[in-house]
$ cat data-v1.cif   # mmCIF, C-alpha atoms (C1' of nucleotides)
data_run
#
loop_
_atom_site.label_atom_id
_atom_site.label_comp_id
_atom_site.auth_asym_id
_atom_site.auth_seq_id
_atom_site.Cartn_x
_atom_site.Cartn_y
_atom_site.Cartn_z
CA MET A 223 -211.78 -134.67 -25.73
CA GLU A 224 -209.67 -137.70 -24.95
CA ASN A 225 -212.00 -139.05 -22.30
CA GLU A 226 -214.70 -140.56 -24.49
CA ASN A 227 -215.77 -143.99 -23.44
CA LEU A 228 -216.41 -146.87 -25.79
CA SER A 229 -220.19 -146.66 -25.61
CA GLN A 230 -220.07 -143.05 -26.78
CA VAL A 231 -217.77 -143.99 -29.65
CA ILE A 232 -220.09 -146.76 -30.77
CA GLU A 233 -223.09 -144.45 -30.45
CA GLN A 234 -221.41 -141.87 -32.68
CA TYR A 235 -220.46 -144.56 -35.17
CA ILE A 236 -224.09 -145.61 -35.46
CA LEU A 237 -225.24 -142.01 -35.78
CA ASP A 238 -222.70 -141.56 -38.57
CA LEU A 239 -224.17 -144.58 -40.32
CA PHE A 240 -227.57 -142.89 -40.19
CA ASN A 241 -226.10 -139.75 -41.76
CA LEU A 242 -224.58 -141.80 -44.56
CA GLU A 243 -227.83 -143.61 -45.27
CA GLN A 244 -230.72 -141.96 -47.02
CA GLU A 245 -233.07 -144.44 -45.40
CA ASN A 246 -234.57 -144.11 -41.94
CA PHE A 247 -232.96 -147.37 -40.87
CA ILE A 248 -229.55 -149.00 -40.78
CA THR A 249 -228.63 -152.67 -40.71
CA MET A 250 -225.54 -154.14 -39.15
CA ARG A 251 -224.04 -157.27 -37.63
CA ARG A 252 -223.49 -157.32 -33.90
CA LYS A 253 -220.54 -159.64 -34.25
CA GLU A 254 -218.79 -157.46 -36.82
CA LEU A 255 -219.35 -154.27 -34.85
CA ALA A 256 -217.93 -155.94 -31.77
CA GLU A 257 -214.89 -157.10 -33.73
CA HIS A 258 -214.43 -153.62 -35.19
CA PHE A 259 -214.36 -152.04 -31.74
CA GLU A 260 -212.63 -155.03 -30.11
CA CYS A 261 -215.26 -155.44 -27.46
CA VAL A 262 -217.64 -158.16 -26.35
CA PRO A 263 -220.82 -158.43 -28.45
CA SER A 264 -223.05 -157.64 -25.50
CA GLN A 265 -221.50 -154.18 -25.40
CA ILE A 266 -223.47 -153.45 -28.54
CA ASN A 267 -226.68 -154.41 -26.75
CA TYR A 268 -225.82 -151.99 -23.97
CA VAL A 269 -225.37 -149.14 -26.45
CA LEU A 270 -228.69 -149.96 -28.10
CA ARG A 271 -230.49 -150.22 -24.77
CA SER A 272 -229.07 -147.00 -23.39
CA ARG A 273 -229.09 -144.83 -26.54
CA PHE A 274 -231.41 -146.25 -29.17
CA SER A 275 -234.47 -147.16 -27.12
CA PRO A 276 -238.11 -146.64 -28.11
CA ALA A 277 -238.30 -143.75 -25.63
CA GLN A 278 -235.49 -142.18 -27.64
CA GLY A 279 -237.34 -142.64 -30.89
CA TYR A 280 -235.81 -145.84 -32.19
CA LEU A 281 -237.14 -149.33 -32.88
CA ILE A 282 -234.83 -152.34 -32.97
CA GLU A 283 -235.43 -155.36 -35.17
CA SER A 284 -233.03 -158.28 -35.18
CA ARG A 285 -232.49 -161.82 -36.31
CA ARG A 286 -230.25 -164.52 -34.88
CA GLY A 287 -228.43 -167.36 -36.56
CA GLU A 288 -226.69 -167.38 -39.90
CA TYR A 289 -227.13 -164.11 -41.78
CA GLY A 290 -228.29 -162.60 -38.49
CA TYR A 291 -228.50 -158.82 -38.23
CA ILE A 292 -229.57 -155.89 -36.10
CA ARG A 293 -231.68 -153.17 -37.70
CA ILE A 294 -232.22 -149.79 -36.07
CA LYS A 295 -235.19 -147.79 -37.30
CA LYS A 296 -235.36 -144.10 -36.60
CA ILE A 297 -238.89 -142.90 -35.95
CA THR A 298 -237.71 -139.47 -34.86
CA CYS A 299 -238.33 -136.44 -37.00
CA GLU A 300 -235.62 -134.24 -38.47
CA SER A 301 -236.03 -131.21 -36.22
CA PRO A 302 -238.02 -132.09 -33.12
CA GLU A 303 -237.05 -128.88 -31.32
CA GLU A 304 -240.25 -126.96 -32.06
CA LYS A 305 -242.42 -129.86 -31.08
CA ILE A 306 -240.48 -130.41 -27.87
CA SER A 307 -240.99 -126.84 -26.75
CA HIS A 308 -244.67 -127.00 -27.63
CA ILE A 309 -245.21 -130.11 -25.60
CA GLU A 310 -243.01 -128.96 -22.77
CA ASP A 311 -245.16 -125.86 -22.52
CA LEU A 312 -248.16 -128.09 -22.09
CA ILE A 313 -246.49 -130.36 -19.62
CA GLY A 314 -245.04 -127.67 -17.43
CA GLU A 315 -242.74 -128.58 -14.64
CA LYS A 316 -244.28 -131.64 -13.11
CA ILE A 317 -246.52 -134.35 -14.43
CA SER A 318 -248.88 -135.57 -11.76
CA MET A 319 -251.16 -138.47 -12.42
CA ASN A 320 -254.09 -136.25 -11.54
CA ASN A 321 -253.70 -134.14 -14.62
CA ALA A 322 -252.40 -136.89 -16.87
CA ALA A 323 -255.86 -137.41 -18.36
CA LYS A 324 -256.25 -133.68 -18.92
CA LEU A 325 -252.83 -133.52 -20.52
CA LEU A 326 -253.66 -136.34 -22.90
CA GLN A 327 -256.94 -134.71 -23.80
CA SER A 328 -255.14 -131.47 -24.49
CA LEU A 329 -252.54 -133.22 -26.62
CA GLN A 330 -255.28 -134.85 -28.63
CA GLU A 331 -257.18 -131.61 -29.09
CA ARG A 332 -254.03 -130.00 -30.44
CA ASP A 333 -253.48 -132.95 -32.80
CA PHE A 334 -250.23 -133.98 -31.17
CA ILE A 335 -251.68 -137.44 -30.64
CA THR A 336 -254.53 -139.36 -32.23
CA ALA A 337 -257.52 -140.83 -30.42
CA ARG A 338 -256.02 -144.29 -30.80
CA GLU A 339 -252.73 -143.16 -29.32
CA ARG A 340 -254.50 -141.53 -26.42
CA LEU A 341 -256.45 -144.72 -25.82
CA LEU A 342 -253.40 -146.96 -25.81
CA ILE A 343 -251.56 -144.56 -23.52
CA GLU A 344 -254.45 -144.52 -21.06
CA ILE A 345 -254.65 -148.31 -21.09
CA SER A 346 -250.92 -148.54 -20.40
CA LEU A 347 -251.06 -146.00 -17.58
CA LYS A 348 -253.96 -147.82 -15.98
CA GLU A 349 -252.05 -151.11 -15.98
CA SER A 350 -248.76 -149.63 -14.81
CA ASN A 351 -247.56 -149.82 -11.23
CA ASN A 352 -245.52 -146.68 -11.81
CA PRO A 353 -247.70 -144.52 -14.03
CA ALA A 354 -245.75 -141.31 -13.50
CA LYS A 355 -242.52 -142.85 -14.69
CA LEU A 356 -244.24 -144.50 -17.64
CA LEU A 357 -245.89 -141.24 -18.64
CA GLN A 358 -242.51 -139.53 -18.58
CA LYS A 359 -241.07 -142.11 -20.95
CA ILE A 360 -244.07 -142.03 -23.24
CA LEU A 361 -243.97 -138.25 -23.45
CA SER A 362 -240.25 -138.21 -24.13
CA GLY A 363 -240.89 -140.68 -26.91
CA LEU A 364 -243.75 -138.59 -28.26
CA MET A 365 -241.67 -135.45 -28.30
CA LEU A 366 -239.17 -137.08 -30.62
CA VAL A 367 -241.58 -138.74 -32.98
CA GLN A 368 -242.91 -137.02 -36.03
CA MET B 54 -225.77 -156.63 -46.27
CA GLU B 55 -225.88 -157.99 -49.82
CA ASN B 56 -225.87 -161.54 -48.44
CA GLU B 57 -229.22 -163.22 -48.57
CA ASN B 58 -229.89 -166.64 -47.24
CA LEU B 59 -231.93 -169.26 -49.03
CA SER B 60 -234.99 -168.86 -46.84
CA GLN B 61 -235.15 -165.17 -47.69
CA VAL B 62 -234.84 -165.93 -51.39
CA ILE B 63 -237.66 -168.46 -51.23
CA GLU B 64 -239.78 -166.03 -49.21
CA GLN B 65 -239.29 -163.34 -51.85
CA TYR B 66 -240.11 -165.81 -54.61
CA ILE B 67 -243.41 -166.62 -52.94
CA LEU B 68 -244.19 -162.95 -52.39
CA ASP B 69 -243.51 -162.36 -56.08
CA LEU B 70 -246.00 -165.11 -56.92
CA PHE B 71 -248.59 -163.23 -54.89
CA ASN B 72 -247.85 -160.05 -56.81
CA LEU B 73 -248.29 -161.85 -60.11
CA GLU B 74 -251.58 -163.40 -59.04
CA GLN B 75 -254.70 -161.32 -58.68
CA GLU B 76 -256.14 -163.89 -56.28
CA ASN B 77 -255.59 -163.87 -52.54
CA PHE B 78 -253.98 -167.30 -52.68
CA ILE B 79 -251.27 -169.13 -54.59
CA THR B 80 -250.82 -172.84 -55.20
CA MET B 81 -247.52 -174.64 -55.67
CA ARG B 82 -245.72 -177.95 -55.37
CA ARG B 83 -243.23 -178.42 -52.58
CA LYS B 84 -241.14 -180.83 -54.61
CA GLU B 85 -240.86 -178.52 -57.60
CA LEU B 86 -239.97 -175.51 -55.46
CA ALA B 87 -237.29 -177.55 -53.72
CA GLU B 88 -235.88 -178.69 -57.06
CA HIS B 89 -235.94 -175.13 -58.37
CA PHE B 90 -233.89 -173.90 -55.42
CA GLU B 91 -231.85 -177.11 -55.14
CA CYS B 92 -232.71 -177.66 -51.50
CA VAL B 93 -234.36 -180.33 -49.40
CA PRO B 94 -238.18 -180.23 -49.49
CA SER B 95 -238.43 -179.61 -45.75
CA GLN B 96 -236.73 -176.28 -46.35
CA ILE B 97 -239.99 -175.15 -47.90
CA ASN B 98 -241.87 -176.11 -44.74
CA TYR B 99 -239.43 -174.06 -42.73
CA VAL B 100 -240.02 -170.99 -44.89
CA LEU B 101 -243.78 -171.40 -44.56
CA ARG B 102 -243.61 -171.88 -40.81
CA SER B 103 -241.27 -168.94 -40.21
CA ARG B 104 -242.69 -166.45 -42.73
CA PHE B 105 -246.23 -167.33 -43.72
CA SER B 106 -247.84 -168.01 -40.34
CA PRO B 107 -251.27 -166.77 -39.22
CA ALA B 108 -249.54 -164.08 -37.15
CA GLN B 109 -248.02 -162.86 -40.39
CA GLY B 110 -251.37 -162.96 -42.13
CA TYR B 111 -251.33 -166.27 -43.99
CA LEU B 112 -253.06 -169.66 -43.82
CA ILE B 113 -251.64 -172.86 -45.30
CA GLU B 114 -253.60 -175.67 -46.94
CA SER B 115 -252.02 -178.74 -48.46
CA ARG B 116 -252.63 -182.20 -49.83
CA ARG B 117 -250.30 -185.19 -50.10
CA GLY B 118 -249.91 -187.91 -52.67
CA GLU B 119 -250.42 -187.59 -56.37
CA TYR B 120 -251.66 -184.17 -57.41
CA GLY B 121 -250.40 -182.96 -54.06
CA TYR B 122 -250.02 -179.22 -53.53
CA ILE B 123 -249.44 -176.45 -51.04
CA ARG B 124 -251.77 -173.47 -51.04
CA ILE B 125 -250.97 -170.23 -49.24
CA LYS B 126 -253.92 -167.97 -48.50
CA LYS B 127 -253.62 -164.35 -47.52
CA ILE B 128 -255.86 -163.41 -44.58
CA THR B 129 -257.79 -160.46 -45.92
CA CYS B 130 -259.87 -159.06 -43.03
CA GLU B 131 -262.26 -157.22 -45.31
CA SER B 132 -264.75 -156.35 -42.59
CA PRO B 133 -263.91 -154.77 -39.22
CA GLU B 134 -265.38 -157.85 -37.54
CA GLU B 135 -262.95 -160.13 -39.36
CA LYS B 136 -260.10 -157.88 -38.37
CA ILE B 137 -261.11 -157.94 -34.71
CA SER B 138 -261.50 -161.70 -34.61
CA HIS B 139 -258.19 -162.14 -36.40
CA ILE B 140 -256.38 -159.97 -33.86
CA GLU B 141 -258.17 -161.78 -31.05
CA ASP B 142 -256.88 -165.05 -32.44
CA LEU B 143 -253.35 -163.68 -32.41
CA ILE B 144 -253.50 -162.37 -28.85
CA GLY B 145 -255.92 -164.93 -27.45
CA GLU B 146 -253.25 -167.34 -26.48
CA LYS B 147 -250.77 -165.86 -24.10
CA ILE B 148 -248.16 -163.88 -25.95
CA SER B 149 -244.59 -164.57 -24.94
CA MET B 150 -242.47 -161.45 -24.78
CA ASN B 151 -240.14 -163.06 -27.29
CA ASN B 152 -242.87 -162.79 -29.87
CA ALA B 153 -244.38 -159.48 -28.83
CA ALA B 154 -241.89 -157.39 -30.81
CA LYS B 155 -242.33 -159.58 -33.84
CA LEU B 156 -246.10 -159.42 -33.58
CA LEU B 157 -245.95 -155.63 -33.42
CA GLN B 158 -243.63 -155.55 -36.40
CA SER B 159 -246.02 -157.75 -38.34
CA LEU B 160 -249.01 -155.64 -37.33
CA GLN B 161 -247.23 -152.49 -38.50
CA GLU B 162 -246.22 -154.04 -41.80
CA ARG B 163 -249.86 -154.94 -42.40
CA ASP B 164 -250.93 -151.38 -41.48
CA PHE B 165 -252.92 -152.50 -38.45
CA ILE B 166 -250.91 -150.07 -36.34
CA THR B 167 -248.69 -147.12 -37.20
CA ALA B 168 -244.98 -146.81 -36.45
CA ARG B 169 -245.82 -144.26 -33.77
CA GLU B 170 -248.27 -146.62 -32.13
CA ARG B 171 -245.73 -149.42 -32.25
CA LEU B 172 -243.18 -147.18 -30.60
CA LEU B 173 -245.56 -146.11 -27.83
CA ILE B 174 -246.59 -149.72 -27.23
CA GLU B 175 -242.98 -150.84 -26.95
CA ILE B 176 -242.24 -148.10 -24.44
CA SER B 177 -245.17 -149.21 -22.33
CA LEU B 178 -244.31 -152.90 -22.60
CA LYS B 179 -240.75 -152.25 -21.48
CA GLU B 180 -241.98 -150.52 -18.34
CA SER B 181 -244.65 -153.08 -17.55
CA ASN B 182 -244.29 -155.88 -15.05
CA ASN B 183 -246.85 -157.94 -16.96
CA PRO B 184 -246.15 -157.15 -20.61
CA ALA B 185 -248.22 -159.99 -22.06
CA LYS B 186 -251.36 -158.89 -20.25
CA LEU B 187 -250.76 -155.26 -21.14
CA LEU B 188 -250.26 -156.07 -24.80
CA GLN B 189 -253.53 -157.95 -24.84
CA LYS B 190 -255.39 -155.00 -23.37
CA ILE B 191 -253.77 -152.47 -25.68
CA LEU B 192 -254.43 -154.43 -28.84
CA SER B 193 -257.99 -155.36 -27.99
CA GLY B 194 -258.58 -151.71 -27.11
CA LEU B 195 -257.03 -150.44 -30.31
CA MET B 196 -258.95 -152.81 -32.52
CA LEU B 197 -262.21 -151.28 -31.37
CA VAL B 198 -261.18 -147.83 -32.55
CA GLN B 199 -260.80 -147.26 -36.22
"C1'" DA C 58 -219.18 -145.45 1.23
"C1'" DG C 59 -222.86 -144.83 -2.30
"C1'" DT C 60 -224.54 -144.22 -6.89
"C1'" DG C 61 -224.85 -144.92 -11.60
"C1'" DA C 62 -222.86 -145.53 -16.10
"C1'" DG C 63 -220.01 -148.62 -18.51
"C1'" DT C 64 -217.61 -153.28 -19.33
"C1'" DT C 65 -217.18 -158.19 -19.49
"C1'" DG C 66 -218.15 -163.01 -20.25
"C1'" DA C 67 -220.83 -167.19 -19.13
"C1'" DC C 68 -225.04 -168.90 -20.22
"C1'" DT C 69 -229.49 -168.90 -23.03
"C1'" DA C 70 -232.32 -168.63 -27.15
"C1'" DA C 71 -233.45 -168.10 -31.91
"C1'" DT C 72 -232.50 -168.92 -37.05
"C1'" DA C 73 -231.34 -171.72 -40.98
"C1'" DT C 74 -229.98 -175.98 -43.06
"C1'" DT C 75 -230.08 -180.89 -43.76
"C1'" DG C 76 -231.62 -185.57 -43.78
"C1'" DA C 77 -233.90 -189.58 -41.77
"C1'" DC C 78 -238.25 -191.15 -41.00
"C1'" DC C 79 -243.62 -190.66 -40.83
"C1'" DT C 80 -248.29 -189.94 -42.92
"C1'" DG C 81 -251.88 -189.56 -46.22
"C1'" DA C 82 -254.01 -189.75 -50.92
"C1'" DA C 83 -254.58 -191.72 -55.26
"C1'" DA C 84 -253.27 -195.02 -58.73
"C1'" DA C 85 -252.31 -199.90 -59.64
"C1'" DA C 86 -252.80 -204.62 -58.73
"C1'" DT C 87 -255.41 -208.30 -56.99
"C1'" DA D 258 -264.12 -204.03 -53.60
"C1'" DT D 259 -259.98 -204.59 -51.16
"C1'" DT D 260 -255.11 -204.54 -50.79
"C1'" DT D 261 -250.69 -202.85 -52.30
"C1'" DT D 262 -247.69 -199.57 -54.28
"C1'" DT D 263 -246.18 -195.14 -55.35
"C1'" DC D 264 -245.96 -190.50 -54.79
"C1'" DA D 265 -245.81 -186.15 -52.37
"C1'" DG D 266 -246.12 -183.49 -48.33
"C1'" DG D 267 -245.17 -183.42 -42.82
"C1'" DT D 268 -242.44 -183.83 -38.66
"C1'" DC D 269 -238.58 -183.94 -35.99
"C1'" DA D 270 -233.95 -183.92 -34.43
"C1'" DA D 271 -228.95 -182.67 -35.03
"C1'" DT D 272 -225.90 -179.05 -36.03
"C1'" DA D 273 -223.85 -174.49 -36.95
"C1'" DT D 274 -224.20 -169.78 -36.40
"C1'" DT D 275 -225.56 -165.58 -34.51
"C1'" DA D 276 -228.04 -162.46 -31.16
"C1'" DG D 277 -230.04 -161.73 -26.24
"C1'" DT D 278 -229.90 -161.85 -21.16
"C1'" DC D 279 -228.08 -161.39 -16.79
"C1'" DA D 280 -225.23 -160.64 -13.12
"C1'" DA D 281 -220.73 -159.55 -11.48
"C1'" DC D 282 -217.26 -156.28 -11.83
"C1'" DT D 283 -214.86 -151.55 -12.75
"C1'" DC D 284 -214.54 -146.84 -12.60
"C1'" DA D 285 -215.66 -142.01 -12.01
"C1'" DC D 286 -218.00 -138.84 -9.43
"C1'" DT D 287 -220.10 -137.46 -5.57
#
$ encode --input "data-v1.cif" --output "structure tokens"
Amino acid sequence: MENENLSQVIEQYILDLFNLEQENFITMRRKELAEHFECVPSQINYVLRSRFSPAQGYLIESRRGEYGYIRIKKITCESPEEKISHIEDLIGEKISMNNAAKLLQSLQERDFITARERLLIEISLKESNNPAKLLQKILSGLMLVQ
Amino acid sequence: MENENLSQVIEQYILDLFNLEQENFITMRRKELAEHFECVPSQINYVLRSRFSPAQGYLIESRRGEYGYIRIKKITCESPEEKISHIEDLIGEKISMNNAAKLLQSLQERDFITARERLLIEISLKESNNPAKLLQKILSGLMLVQ
DNA sequence: AGTGAGTTGACTAATATTGACCTGAAAAAT
DNA sequence: ATTTTTCAGGTCAATATTAGTCAACTCACT
């Protein structure tokens, strides 16, 4: 497996950090990571954006200036497989906006989401100019979150 | 990340004062704090501005001259109405996207929203073409549901 | 050729520290 | 009672340091 690119290597490095930690978050310095992998600092942002996004179950907190840091919080559960299959059964093949409301109601009735979560999702969908895409991302986030 | 900067140390010192007190406010002298930490007095103002703002749940009162003091009050939101009006204050003025993530972090730390809700909101904000407006709608909607 | 993931660096923005200068309240002097 | 002095907190700008954004470019795979 010689053909790994740098982003994959950095991703694995971060995942290894999570395995070492007992906490659900890790803290690092962008500058130091970039020096370690001999890349530009913005490469780290790309890895975070493409692999540790909210839709993938992660929250990023950061601070600039002296003693700056980047903290990645894992909101995902240990073994999301069961939950994924449950929700995928409910979703079926396609998510149309017509049955989005029904889907959310069903998810709430099965205690996969709370009333508050359903409300905030419906508000977001209503305001979105691409509700189908947003719903996809929200559901993929939900599937990963405990 | 064993390195802490002075502002963090002062912040923790103030938080410790709150834990010692049974009141919802603490009173101190800027000059004495600055002498204790061997820093310029305006450093204290910086800590207050960056860490004890209304968005973070605190109000500042002070008096100059002899017998001068600085008092930090914790916003308590004991009734639902107080909570709603407090949140409305925070989102009333247009929220810049720079501060949206920090506001959500602060709201989660104060248990106004859960980590799941924060994650779902961030997913929706990222997909939105008017994140500030969406955040306003989501938060005002959420505050109505207990 | 077109597409999309990955890479790069120039430019932008936020954080913390420091000190010079400003403002307000109460004591002291008149 | 009014003015002056002293004391203590407020504001702002300069600087250093670190992270974020954005757009151009590369490369692999259609």
$ resolve_selection --input "data-v1.cif" --expression "the PyMOL selection byres ((chain D and resi 271-278) around 10)" --output "PyMOL selection string"
(chain A and resi 251-253+263-264+267+284-292) or (chain C and resi 68-76) or (chain D and resi 269-270+279-280)
$ residues_around --input "data-v1.cif" --residues "B:Ile174" --least-positions-apart "2" --cutoff "10 Å" --atoms "only C-alpha atoms (C1' of nucleotides)" --output "PyMOL selection string"
(chain A and resi 276+339+342-343+346+360) or (chain B and resi 154+157+168-172+176-179+184+187-188+191-192)
$ calpha_fit_rmsd --input "data-v1.cif" --fixed "chain A" --moving "chain B"
11.1 Å
$ atom_distance --input "data-v1.cif" --atom1 "atom CA of A:Glu331" --atom2 "atom CA of B:Glu175"
24.0 Å
$ closest_residue --input "data-v1.cif" --among "A:Gln327, A:Ser229, A:Gln265, A:Thr298" --to "chain B" --atoms "only C-alpha atoms"
A:Thr298
$ build_atoms --input "data-v1.cif" --residues "stretch 59-87 of chain B" --atoms "N, CA and C atoms" --output "JSON list (two decimals), keeping the file's coordinate frame"
[["chain", "number", "residue", "atom", "x", "y", "z"],
["B", 59, "LEU", "N", -230.99, -168.57, -48.15],
["B", 59, "LEU", "CA", -231.93, -169.26, -49.03],
["B", 59, "LEU", "C", -233.37, -169.03, -48.62],
["B", 60, "SER", "N", -233.62, -169.05, -47.30],
["B", 60, "SER", "CA", -234.99, -168.86, -46.84],
["B", 60, "SER", "C", -235.55, -167.51, -47.28],
["B", 61, "GLN", "N", -234.69, -166.49, -47.24],
["B", 61, "GLN", "CA", -235.15, -165.17, -47.69],
["B", 61, "GLN", "C", -235.46, -165.17, -49.17],
["B", 62, "VAL", "N", -234.63, -165.88, -49.95],
["B", 62, "VAL", "CA", -234.84, -165.93, -51.39],
["B", 62, "VAL", "C", -236.16, -166.62, -51.70],
["B", 63, "ILE", "N", -236.41, -167.74, -51.01],
["B", 63, "ILE", "CA", -237.66, -168.46, -51.23],
["B", 63, "ILE", "C", -238.85, -167.61, -50.81],
["B", 64, "GLU", "N", -238.70, -166.91, -49.66],
["B", 64, "GLU", "CA", -239.78, -166.03, -49.21],
["B", 64, "GLU", "C", -240.11, -165.00, -50.28],
["B", 65, "GLN", "N", -239.07, -164.37, -50.84],
["B", 65, "GLN", "CA", -239.29, -163.34, -51.85],
["B", 65, "GLN", "C", -239.94, -163.92, -53.10],
["B", 66, "TYR", "N", -239.53, -165.14, -53.45],
["B", 66, "TYR", "CA", -240.11, -165.81, -54.61],
["B", 66, "TYR", "C", -241.61, -166.00, -54.43],
["B", 67, "ILE", "N", -242.00, -166.42, -53.23],
["B", 67, "ILE", "CA", -243.41, -166.62, -52.94],
["B", 67, "ILE", "C", -244.17, -165.29, -52.95],
["B", 68, "LEU", "N", -243.55, -164.26, -52.38],
["B", 68, "LEU", "CA", -244.19, -162.95, -52.39],
["B", 68, "LEU", "C", -244.37, -162.45, -53.82],
["B", 69, "ASP", "N", -243.39, -162.75, -54.68],
["B", 69, "ASP", "CA", -243.51, -162.36, -56.08],
["B", 69, "ASP", "C", -244.67, -163.09, -56.74],
["B", 70, "LEU", "N", -244.86, -164.36, -56.38],
["B", 70, "LEU", "CA", -246.00, -165.11, -56.92],
["B", 70, "LEU", "C", -247.31, -164.42, -56.55],
["B", 71, "PHE", "N", -247.38, -163.94, -55.30],
["B", 71, "PHE", "CA", -248.59, -163.23, -54.89],
["B", 71, "PHE", "C", -248.79, -161.97, -55.72],
["B", 72, "ASN", "N", -247.72, -161.27, -56.02],
["B", 72, "ASN", "CA", -247.85, -160.05, -56.81],
["B", 72, "ASN", "C", -248.29, -160.35, -58.24],
["B", 73, "LEU", "N", -247.89, -161.50, -58.75],
["B", 73, "LEU", "CA", -248.29, -161.85, -60.11],
["B", 73, "LEU", "C", -249.77, -162.25, -60.15],
["B", 74, "GLU", "N", -250.20, -162.96, -59.10],
["B", 74, "GLU", "CA", -251.58, -163.40, -59.04],
["B", 74, "GLU", "C", -252.49, -162.24, -58.66],
["B", 75, "GLN", "N", -253.71, -162.29, -59.15],
["B", 75, "GLN", "CA", -254.70, -161.32, -58.68],
["B", 75, "GLN", "C", -255.55, -161.93, -57.56],
["B", 76, "GLU", "N", -255.39, -163.23, -57.34],
["B", 76, "GLU", "CA", -256.14, -163.89, -56.28],
["B", 76, "GLU", "C", -255.48, -163.62, -54.93],
["B", 77, "ASN", "N", -256.18, -164.00, -53.87],
["B", 77, "ASN", "CA", -255.59, -163.87, -52.54],
["B", 77, "ASN", "C", -254.95, -165.18, -52.07],
["B", 78, "PHE", "N", -254.69, -166.07, -53.03],
["B", 78, "PHE", "CA", -253.98, -167.30, -52.68],
["B", 78, "PHE", "C", -253.12, -167.74, -53.85],
["B", 79, "ILE", "N", -252.11, -168.54, -53.55],
["B", 79, "ILE", "CA", -251.27, -169.13, -54.59],
["B", 79, "ILE", "C", -251.17, -170.62, -54.31],
["B", 80, "THR", "N", -250.95, -171.40, -55.33],
["B", 80, "THR", "CA", -250.82, -172.84, -55.20],
["B", 80, "THR", "C", -249.50, -173.28, -55.82],
["B", 81, "MET", "N", -248.82, -174.21, -55.15],
["B", 81, "MET", "CA", -247.52, -174.64, -55.67],
["B", 81, "MET", "C", -247.24, -176.07, -55.24],
["B", 82, "ARG", "N", -246.15, -176.62, -55.77],
["B", 82, "ARG", "CA", -245.72, -177.95, -55.37],
["B", 82, "ARG", "C", -244.43, -177.85, -54.59],
["B", 83, "ARG", "N", -244.42, -178.47, -53.43],
["B", 83, "ARG", "CA", -243.23, -178.42, -52.58],
["B", 83, "ARG", "C", -242.03, -179.00, -53.31],
["B", 84, "LYS", "N", -242.24, -180.14, -53.94],
["B", 84, "LYS", "CA", -241.14, -180.83, -54.61],
["B", 84, "LYS", "C", -240.51, -179.98, -55.71],
["B", 85, "GLU", "N", -241.38, -179.33, -56.50],
["B", 85, "GLU", "CA", -240.86, -178.52, -57.60],
["B", 85, "GLU", "C", -240.11, -177.30, -57.09],
["B", 86, "LEU", "N", -240.66, -176.67, -56.05],
["B", 86, "LEU", "CA", -239.97, -175.51, -55.46],
["B", 86, "LEU", "C", -238.59, -175.94, -54.96],
["B", 87, "ALA", "N", -238.56, -177.07, -54.27],
["B", 87, "ALA", "CA", -237.29, -177.55, -53.72],
["B", 87, "ALA", "C", -236.30, -177.85, -54.84]]
